[in-house]
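Containing mmCIF, C-alpha atoms: final.cif.
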data_structure
loop_
_atom_site.label_atom_id
_atom_site.label_comp_id
_atom_site.auth_asym_id
_atom_site.auth_seq_id
_atom_site.Cartn_x
_atom_site.Cartn_y
_atom_site.Cartn_z
CA MET A 1485 0.00 0.00 0.00
CA SER A 1486 1.32 3.42 -1.02
CA ASN A 1487 0.67 6.86 0.44
CA LEU A 1488 -0.82 8.96 -2.35
CA LEU A 1489 -1.47 12.69 -1.94
CA VAL A 1490 -3.66 14.85 -4.15
CA THR A 1491 -3.31 18.63 -4.03
CA GLY A 1492 -6.30 20.82 -4.85
CA ALA A 1493 -8.53 18.09 -3.46
CA ASN A 1494 -11.42 20.51 -3.04
CA GLY A 1495 -11.40 21.36 -6.75
CA LYS A 1496 -13.48 19.55 -9.36
CA LEU A 1497 -10.60 17.52 -10.77
CA GLY A 1498 -9.00 16.85 -7.40
CA ARG A 1499 -12.24 15.68 -5.82
CA HIS A 1500 -12.89 13.30 -8.69
CA VAL A 1501 -9.38 11.84 -8.47
CA VAL A 1502 -9.61 11.34 -4.69
CA SER A 1503 -13.01 9.66 -5.05
CA LEU A 1504 -11.68 7.28 -7.68
CA LEU A 1505 -8.68 6.38 -5.55
CA LEU A 1506 -10.87 5.77 -2.50
CA GLU A 1507 -13.16 3.55 -4.56
CA SER A 1508 -10.21 1.41 -5.67
CA GLY A 1509 -9.29 0.84 -2.02
CA LYS A 1510 -5.70 -0.11 -2.82
CA ASP A 1511 -3.77 2.75 -1.24
CA HIS A 1512 -3.78 5.25 1.62
CA ILE A 1513 -5.24 8.44 0.15
CA ILE A 1514 -4.38 11.93 1.40
CA ALA A 1515 -6.58 14.82 0.27
CA ALA A 1516 -4.81 18.17 0.56
CA SER A 1517 -6.28 21.67 0.40
CA ARG A 1518 -5.97 25.12 1.94
CA ASP A 1519 -9.22 24.55 3.80
CA THR A 1520 -9.42 21.00 5.10
CA ALA A 1521 -12.89 21.67 6.56
CA LYS A 1522 -14.17 21.52 2.97
CA LEU A 1523 -12.84 17.96 2.69
CA ALA A 1524 -15.03 16.54 5.45
CA ASP A 1525 -17.02 14.41 3.01
CA LEU A 1526 -13.82 12.87 1.62
CA ALA A 1527 -12.55 12.25 5.13
CA ALA A 1528 -15.80 10.45 5.91
CA LYS A 1529 -15.08 8.13 2.99
CA GLY A 1530 -11.65 7.27 4.36
CA ALA A 1531 -9.27 9.93 3.12
CA GLU A 1532 -6.70 11.54 5.39
CA THR A 1533 -6.77 15.32 5.04
CA ARG A 1534 -3.80 17.64 5.21
CA HIS A 1535 -3.44 21.41 4.98
CA VAL A 1536 -1.57 22.64 1.91
CA ASP A 1537 -1.02 26.26 0.93
CA PHE A 1538 1.06 26.66 -2.23
CA ASP A 1539 2.17 30.08 -0.99
CA ASP A 1540 3.50 28.53 2.24
CA ALA A 1541 6.54 26.33 1.61
CA GLY A 1542 6.39 25.08 5.18
CA SER A 1543 2.89 23.70 4.72
CA LEU A 1544 3.99 21.89 1.56
CA ALA A 1545 6.98 20.33 3.29
CA GLU A 1546 4.84 19.19 6.21
CA ALA A 1547 2.05 17.82 4.04
CA PHE A 1548 4.36 15.82 1.77
CA LYS A 1549 6.10 13.97 4.62
CA GLY A 1550 5.85 10.21 4.21
CA VAL A 1551 4.17 10.50 0.81
CA ASP A 1552 5.17 8.04 -1.93
CA ARG A 1553 3.58 9.89 -4.84
CA VAL A 1554 1.96 13.30 -5.09
CA LEU A 1555 -0.44 14.60 -7.72
CA ILE A 1556 0.31 18.29 -8.20
CA ILE A 1557 -2.79 19.78 -9.80
CA SER A 1558 -1.95 23.14 -11.35
CA THR A 1559 -3.29 26.01 -9.28
CA ASP A 1560 -5.66 28.76 -10.40
CA ALA A 1561 -3.27 31.62 -9.55
CA LEU A 1562 -2.89 33.00 -13.06
CA GLY A 1563 -0.74 36.00 -13.84
CA SER A 1564 2.32 37.73 -12.39
CA GLY A 1565 4.33 34.52 -12.20
CA GLN A 1566 2.64 33.46 -8.96
CA ARG A 1567 1.51 30.09 -10.23
CA LEU A 1568 4.97 29.07 -11.46
CA THR A 1569 6.42 30.10 -8.10
CA GLN A 1570 3.80 28.01 -6.36
CA HIS A 1571 4.45 25.00 -8.56
CA LYS A 1572 8.21 25.20 -8.09
CA ALA A 1573 7.70 25.27 -4.32
CA ALA A 1574 5.58 22.13 -4.55
CA VAL A 1575 8.16 20.39 -6.74
CA LYS A 1576 10.90 21.30 -4.26
CA ALA A 1577 8.86 20.00 -1.32
CA ALA A 1578 8.08 16.75 -3.13
CA THR A 1579 11.73 16.31 -4.04
CA GLU A 1580 12.88 16.85 -0.46
CA ALA A 1581 10.24 14.39 0.74
CA GLY A 1582 11.42 11.77 -1.74
CA ALA A 1583 7.98 11.62 -3.37
CA GLU A 1584 7.40 10.85 -7.02
CA ILE A 1585 5.45 13.52 -8.92
CA VAL A 1586 2.42 13.37 -11.17
CA TYR A 1587 1.67 16.80 -12.64
CA THR A 1588 -1.28 18.13 -14.65
CA SER A 1589 0.15 20.21 -17.49
CA MET A 1590 -1.22 21.26 -20.88
CA THR A 1591 -0.64 20.33 -24.51
CA LYS A 1592 2.57 21.58 -26.14
CA PRO A 1593 3.38 24.09 -23.37
CA GLU A 1594 6.79 25.02 -24.79
CA THR A 1595 5.28 26.52 -27.95
CA SER A 1596 1.71 27.28 -26.92
CA ALA A 1597 0.22 30.73 -27.53
CA VAL A 1598 -1.95 30.43 -24.41
CA VAL A 1599 -0.79 33.17 -22.08
CA PHE A 1600 -0.35 30.90 -19.05
CA ALA A 1601 1.52 28.17 -20.95
CA PRO A 1602 4.90 29.33 -19.58
CA ASP A 1603 3.69 28.33 -16.11
CA HIS A 1604 3.33 24.76 -17.30
CA ALA A 1605 6.53 24.73 -19.34
CA GLY A 1606 8.46 26.11 -16.37
CA THR A 1607 6.95 23.57 -13.99
CA GLU A 1608 7.81 20.73 -16.35
CA ARG A 1609 11.42 21.94 -16.47
CA ALA A 1610 11.53 22.13 -12.68
CA ILE A 1611 10.29 18.56 -12.43
CA LEU A 1612 12.85 17.27 -14.93
CA ASP A 1613 15.63 19.21 -13.20
CA SER A 1614 14.62 17.85 -9.79
CA GLY A 1615 15.75 14.33 -10.54
CA VAL A 1616 12.62 12.75 -9.01
CA ARG A 1617 10.65 10.14 -10.89
CA TYR A 1618 7.65 11.69 -12.60
CA THR A 1619 4.62 11.37 -14.83
CA ILE A 1620 3.57 14.54 -16.63
CA LEU A 1621 -0.01 14.58 -17.89
CA ARG A 1622 -0.54 17.16 -20.62
CA ASN A 1623 -4.29 17.58 -20.50
CA ALA A 1624 -6.04 18.68 -23.68
CA TRP A 1625 -8.80 21.29 -23.71
CA TYR A 1626 -11.64 20.18 -21.47
CA GLN A 1627 -15.07 19.51 -22.93
CA GLU A 1628 -16.47 21.47 -20.00
CA ASN A 1629 -14.70 24.61 -21.28
CA LEU A 1630 -17.42 24.80 -23.92
CA PHE A 1631 -19.72 26.05 -21.17
CA MET A 1632 -17.73 29.31 -21.38
CA ASN A 1633 -18.86 30.18 -24.90
CA LEU A 1634 -21.52 27.88 -26.36
CA PRO A 1635 -24.50 29.05 -24.25
CA ALA A 1636 -23.93 32.69 -25.26
CA ALA A 1637 -23.27 31.65 -28.86
CA PHE A 1638 -26.56 29.77 -29.06
CA ALA A 1639 -28.35 32.71 -27.44
CA SER A 1640 -27.19 34.98 -30.25
CA GLY A 1641 -27.06 32.33 -32.96
CA THR A 1642 -23.45 33.20 -33.75
CA LEU A 1643 -20.12 31.84 -32.58
CA TYR A 1644 -17.33 34.35 -33.04
CA THR A 1645 -13.84 32.91 -33.26
CA SER A 1646 -10.32 33.54 -34.47
CA ALA A 1647 -9.44 29.84 -34.35
CA GLY A 1648 -9.75 29.43 -38.12
CA ASP A 1649 -9.38 25.82 -39.25
CA GLY A 1650 -7.35 24.81 -36.19
CA LYS A 1651 -8.45 21.62 -34.47
CA LEU A 1652 -8.84 20.47 -30.87
CA SER A 1653 -9.34 17.11 -29.22
CA HIS A 1654 -11.57 17.92 -26.25
CA VAL A 1655 -11.25 15.60 -23.27
CA SER A 1656 -13.77 15.23 -20.46
CA HIS A 1657 -12.94 16.13 -16.88
CA ALA A 1658 -13.94 12.57 -16.00
CA ASP A 1659 -11.41 11.05 -18.39
CA ALA A 1660 -8.70 13.42 -17.16
CA ALA A 1661 -9.51 12.39 -13.58
CA ARG A 1662 -9.41 8.69 -14.43
CA ALA A 1663 -6.08 9.17 -16.17
CA ALA A 1664 -4.63 11.06 -13.20
CA ALA A 1665 -5.85 8.45 -10.72
CA ALA A 1666 -4.36 5.66 -12.83
CA ALA A 1667 -1.03 7.47 -13.16
CA LEU A 1668 -0.86 8.17 -9.43
CA SER A 1669 -1.67 4.55 -8.62
CA LYS A 1670 1.48 3.14 -10.21
CA PRO A 1671 5.19 3.87 -9.87
CA ALA A 1672 6.33 6.70 -12.11
CA VAL A 1673 8.56 5.80 -15.04
CA ASN A 1674 9.60 9.28 -16.18
CA GLU A 1675 7.10 9.79 -18.98
CA THR A 1676 5.13 12.64 -20.49
CA LEU A 1677 1.65 11.71 -21.70
CA THR A 1678 -0.95 13.78 -23.53
CA ILE A 1679 -4.51 13.27 -22.31
CA THR A 1680 -6.89 13.83 -25.24
CA GLY A 1681 -10.33 12.88 -26.40
CA PRO A 1682 -10.86 10.46 -29.31
CA GLU A 1683 -11.17 12.94 -32.19
CA LEU A 1684 -9.85 16.20 -33.60
CA LEU A 1685 -12.48 18.77 -34.57
CA SER A 1686 -12.37 22.32 -35.90
CA THR A 1687 -14.52 25.09 -34.44
CA GLN A 1688 -16.84 24.77 -37.45
CA GLN A 1689 -17.20 21.03 -36.89
CA ILE A 1690 -17.85 21.56 -33.19
CA ALA A 1691 -20.50 24.18 -33.97
CA ASP A 1692 -22.17 21.91 -36.54
CA LEU A 1693 -22.22 19.00 -34.10
CA ALA A 1694 -23.55 21.15 -31.27
CA SER A 1695 -26.22 22.65 -33.54
CA GLU A 1696 -27.36 19.18 -34.61
CA ILE A 1697 -27.63 17.95 -31.03
CA VAL A 1698 -29.07 21.07 -29.41
CA GLY A 1699 -31.45 21.68 -32.28
CA LYS A 1700 -30.62 25.35 -32.72
CA PRO A 1701 -28.83 27.10 -35.60
CA LEU A 1702 -25.28 28.26 -34.91
CA ALA A 1703 -23.31 30.27 -37.46
CA VAL A 1704 -19.53 30.55 -37.16
CA VAL A 1705 -17.95 33.93 -37.92
CA ASN A 1706 -14.18 33.95 -38.29
CA LEU A 1707 -12.39 37.07 -37.10
CA SER A 1708 -8.86 38.24 -36.51
CA ASP A 1709 -7.53 38.16 -32.95
CA GLU A 1710 -7.88 41.93 -32.81
CA GLN A 1711 -11.49 41.82 -33.98
CA LEU A 1712 -12.31 39.09 -31.49
CA ALA A 1713 -10.76 41.09 -28.65
CA GLY A 1714 -12.70 44.19 -29.73
CA GLY A 1715 -15.95 42.25 -29.81
CA MET A 1716 -15.33 40.89 -26.34
CA LYS A 1717 -14.64 44.36 -25.02
CA ALA A 1718 -17.81 45.71 -26.62
CA ALA A 1719 -19.77 42.85 -25.06
CA GLY A 1720 -18.55 43.82 -21.60
CA VAL A 1721 -15.97 41.10 -21.03
CA PRO A 1722 -13.50 42.33 -18.38
CA GLU A 1723 -10.46 43.70 -20.20
CA ALA A 1724 -8.04 41.91 -17.88
CA ILE A 1725 -9.10 38.48 -19.11
CA ILE A 1726 -9.58 39.26 -22.80
CA PRO A 1727 -5.95 38.46 -23.80
CA THR A 1728 -6.24 35.08 -22.10
CA LEU A 1729 -9.51 34.25 -23.83
CA VAL A 1730 -8.21 35.33 -27.23
CA SER A 1731 -5.04 33.32 -26.73
CA PHE A 1732 -7.13 30.14 -26.63
CA ASP A 1733 -8.29 30.77 -30.20
CA THR A 1734 -4.83 31.89 -31.29
CA ASN A 1735 -3.37 28.66 -29.99
CA THR A 1736 -6.05 26.62 -31.74
CA ARG A 1737 -5.37 28.36 -35.04
CA GLU A 1738 -1.63 27.83 -34.68
CA GLY A 1739 -1.99 24.11 -33.96
CA GLY A 1740 -1.25 24.22 -30.26
CA PHE A 1741 -4.20 21.94 -29.45
CA ASP A 1742 -3.84 19.78 -32.56
CA ILE A 1743 -2.75 16.49 -31.03
CA LEU A 1744 -4.44 13.12 -30.67
CA THR A 1745 -3.18 10.22 -28.55
CA HIS A 1746 -4.34 6.93 -27.08
CA ASP A 1747 -2.84 7.72 -23.67
CA VAL A 1748 -6.20 7.81 -21.86
CA GLU A 1749 -7.02 4.29 -22.98
CA ALA A 1750 -3.48 3.08 -22.23
CA LEU A 1751 -3.73 4.42 -18.67
CA THR A 1752 -7.33 3.57 -17.84
CA GLY A 1753 -8.23 0.67 -20.09
CA ARG A 1754 -11.20 2.51 -21.56
CA LYS A 1755 -11.69 4.80 -24.52
CA PRO A 1756 -12.23 8.50 -23.75
CA GLU A 1757 -15.67 10.02 -24.13
CA ALA A 1758 -16.47 11.57 -27.50
CA LEU A 1759 -17.63 15.18 -27.70
CA ARG A 1760 -21.00 14.03 -29.05
CA ALA A 1761 -21.73 12.19 -25.80
CA PHE A 1762 -20.84 15.29 -23.76
CA LEU A 1763 -23.06 17.55 -25.84
CA GLU A 1764 -25.96 15.11 -25.71
CA ALA A 1765 -25.66 14.82 -21.93
CA ASN A 1766 -25.58 18.60 -21.49
CA LYS A 1767 -27.72 19.93 -24.33
CA ALA A 1768 -30.17 21.53 -21.89
CA ALA A 1769 -27.34 23.83 -20.72
CA PHE A 1770 -26.82 25.15 -24.24
#
As a first step, turn the structure in this file into structure tokens.
Amino acid sequence: MSNLLVTGANGKLGRHVVSLLLESGKDHIIAASRDTAKLADLAAKGAETRHVDFDDAGSLAEAFKGVDRVLIISTDALGSGQRLTQHKAAVKAATEAGAEIVYTSMTKPETSAVVFAPDHAGTERAILDSGVRYTILRNAWYQENLFMNLPAAFASGTLYTSAGDGKLSHVSHADAARAAAAALSKPAVNETLTITGPELLSTQQIADLASEIVGKPLAVVNLSDEQLAGGMKAAGVPEAIIPTLVSFDTNTREGGFDILTHDVEALTGRKPEALRAFLEANKAAF
């Protein structure tokens, strides 16, 4: 039996991973978060809880004591280099504790146009430089991210994009969680895997599929990055987040999400969920 720790255990991905690990019943599971009171339900199911604050190196060192493998789920502290600093502190604490690392990264972080990609690229370098055994999981764009734009697009009947003909392979949160749980459950062998869905689709193909399933028309209007940013500003999107949102489409257009693997099936033994299934299950939300 191994001691497995999951950071961000109160988040959607972290909670799902902890639940899967508890269901397997093979290892001692440690759920870590800034507020352990929010983990009471996981504790009731058998998880140990530990306090972890990525801005407090001491809490990381204390939490990682006696841990065999740690899943470092990337934090939500975007901007100003804070997240990379946090991640490096976690890598250092894991290294000093002698724990293997599983890390949730993103596709092609070294060349990605997504504004927070350097956080992931820098964390990956820190892990490789640490000398600890690792598994890096480069998660593709989540299917659930479509909740950010499809409802508004269907409301207006138009999906504005600067993604052009670029393609993505959306993966479900559930498949990403299953992959992370599987990776954490076995000794690391120093590998980098890319966690994708089963198909590559362009924005036009996604819109056509969503329109078919939801039963509403959805036109796709291709814009430049500058036009897309201007439209967002005119629609009242906070200016601080517009560059980040536009960078998603830029990265799609430039091929940063254009990758398809069988790593989910190799890790979990089951094929990842297709986008059609996600849209059918959630069509009422669109």
Residue by residue, what does the PyMOL selection byres ((chain A and resi 1585) around 10) grab here? Present the result as a ChimeraX atom specification. /A:1489,1552-1556,1574-1575,1578-1579,1582-1584,1586-1588,1611,1616-1620,1667-1668,1671-1672,1674
Would you mind reading off the distance between atom CA of A:Arg1754 and atom CA of A:Gly1650, one decimal, in Å?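 Value for the atom CA of A:Arg1754-atom CA of A:Gly1650 distance: 26.9 Å.
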Leaving out A:Arg1609 and any residue of its chain fewer than 3 positions from it, which residues lie within 12 Å of it when counting all atoms listed in the file, given as a ChimeraX atom specification? /A:1568,1571-1572,1575,1587,1589,1593-1594,1602-1606,1612-1616,1618,1620,1676
Within 7 Å of A:Asn1494, counting all atoms listed in the file, which residues show up once you throw out same-chain ones fewer than 5 positions away? Write them as number ranges by chain, please. A: 1499, 1517, 1522-1523
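Atom CA of A:Phe1538 to atom CA of A:Gln1570 spans 5.1 Å [interatomic distance, one decimal].
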Reconstruct stretch 1658-1669 of chain A at the level of all heavy atoms, and format the result as a tab-separated table (two decimals), keeping the file's coordinate frame.
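Once everything was written out, this is part-v8.tsv:
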chain	number	residue	atom	x	y	z
A	1658	ALA	N	-13.89	13.92	-16.54
A	1658	ALA	CA	-13.94	12.57	-16.00
A	1658	ALA	C	-12.80	11.72	-16.53
A	1658	ALA	O	-12.15	10.98	-15.77
A	1658	ALA	CB	-15.28	11.91	-16.32
A	1659	ASP	N	-12.52	11.82	-17.82
A	1659	ASP	CA	-11.41	11.05	-18.39
A	1659	ASP	C	-10.07	11.55	-17.88
A	1659	ASP	O	-9.15	10.76	-17.63
A	1659	ASP	CB	-11.45	11.09	-19.92
A	1659	ASP	CG	-12.51	10.17	-20.50
A	1659	ASP	OD1	-12.66	9.04	-19.98
A	1659	ASP	OD2	-13.19	10.56	-21.46
A	1660	ALA	N	-9.94	12.87	-17.71
A	1660	ALA	CA	-8.70	13.42	-17.16
A	1660	ALA	C	-8.50	12.94	-15.73
A	1660	ALA	O	-7.38	12.63	-15.30
A	1660	ALA	CB	-8.74	14.95	-17.21
A	1661	ALA	N	-9.60	12.86	-14.95
A	1661	ALA	CA	-9.51	12.39	-13.58
A	1661	ALA	C	-9.13	10.92	-13.53
A	1661	ALA	O	-8.29	10.50	-12.72
A	1661	ALA	CB	-10.85	12.61	-12.86
A	1662	ARG	N	-9.75	10.12	-14.39
A	1662	ARG	CA	-9.41	8.69	-14.43
A	1662	ARG	C	-7.95	8.49	-14.81
A	1662	ARG	O	-7.26	7.62	-14.25
A	1662	ARG	CB	-10.34	7.96	-15.40
A	1662	ARG	CG	-11.70	7.65	-14.83
A	1662	ARG	CD	-12.50	6.75	-15.75
A	1662	ARG	NE	-13.04	7.46	-16.89
A	1662	ARG	CZ	-14.24	8.01	-16.92
A	1662	ARG	NH1	-15.04	7.92	-15.86
A	1662	ARG	NH2	-14.67	8.64	-18.00
A	1663	ALA	N	-7.47	9.28	-15.76
A	1663	ALA	CA	-6.08	9.17	-16.17
A	1663	ALA	C	-5.14	9.55	-15.03
A	1663	ALA	O	-4.12	8.88	-14.81
A	1663	ALA	CB	-5.83	10.06	-17.39
A	1664	ALA	N	-5.47	10.62	-14.32
A	1664	ALA	CA	-4.63	11.06	-13.20
A	1664	ALA	C	-4.61	10.03	-12.09
A	1664	ALA	O	-3.56	9.74	-11.50
A	1664	ALA	CB	-5.12	12.41	-12.68
A	1665	ALA	N	-5.77	9.46	-11.77
A	1665	ALA	CA	-5.85	8.45	-10.72
A	1665	ALA	C	-5.04	7.22	-11.10
A	1665	ALA	O	-4.32	6.64	-10.27
A	1665	ALA	CB	-7.31	8.06	-10.47
A	1666	ALA	N	-5.12	6.83	-12.36
A	1666	ALA	CA	-4.36	5.66	-12.83
A	1666	ALA	C	-2.87	5.93	-12.77
A	1666	ALA	O	-2.08	5.06	-12.36
A	1666	ALA	CB	-4.79	5.31	-14.25
A	1667	ALA	N	-2.45	7.13	-13.18
A	1667	ALA	CA	-1.03	7.47	-13.16
A	1667	ALA	C	-0.50	7.51	-11.74
A	1667	ALA	O	0.63	7.07	-11.47
A	1667	ALA	CB	-0.81	8.82	-13.85
A	1668	LEU	N	-1.30	8.05	-10.82
A	1668	LEU	CA	-0.86	8.17	-9.43
A	1668	LEU	C	-0.80	6.80	-8.75
A	1668	LEU	O	-0.06	6.62	-7.78
A	1668	LEU	CB	-1.80	9.10	-8.67
A	1668	LEU	CG	-1.34	9.60	-7.31
A	1668	LEU	CD1	-0.07	10.45	-7.43
A	1668	LEU	CD2	-2.45	10.40	-6.62
A	1669	SER	N	-1.56	5.85	-9.25
A	1669	SER	CA	-1.67	4.55	-8.62
A	1669	SER	C	-0.51	3.61	-8.94
A	1669	SER	O	-0.43	2.52	-8.37
A	1669	SER	CB	-2.99	3.87	-9.02
A	1669	SER	OG	-4.09	4.62	-8.58
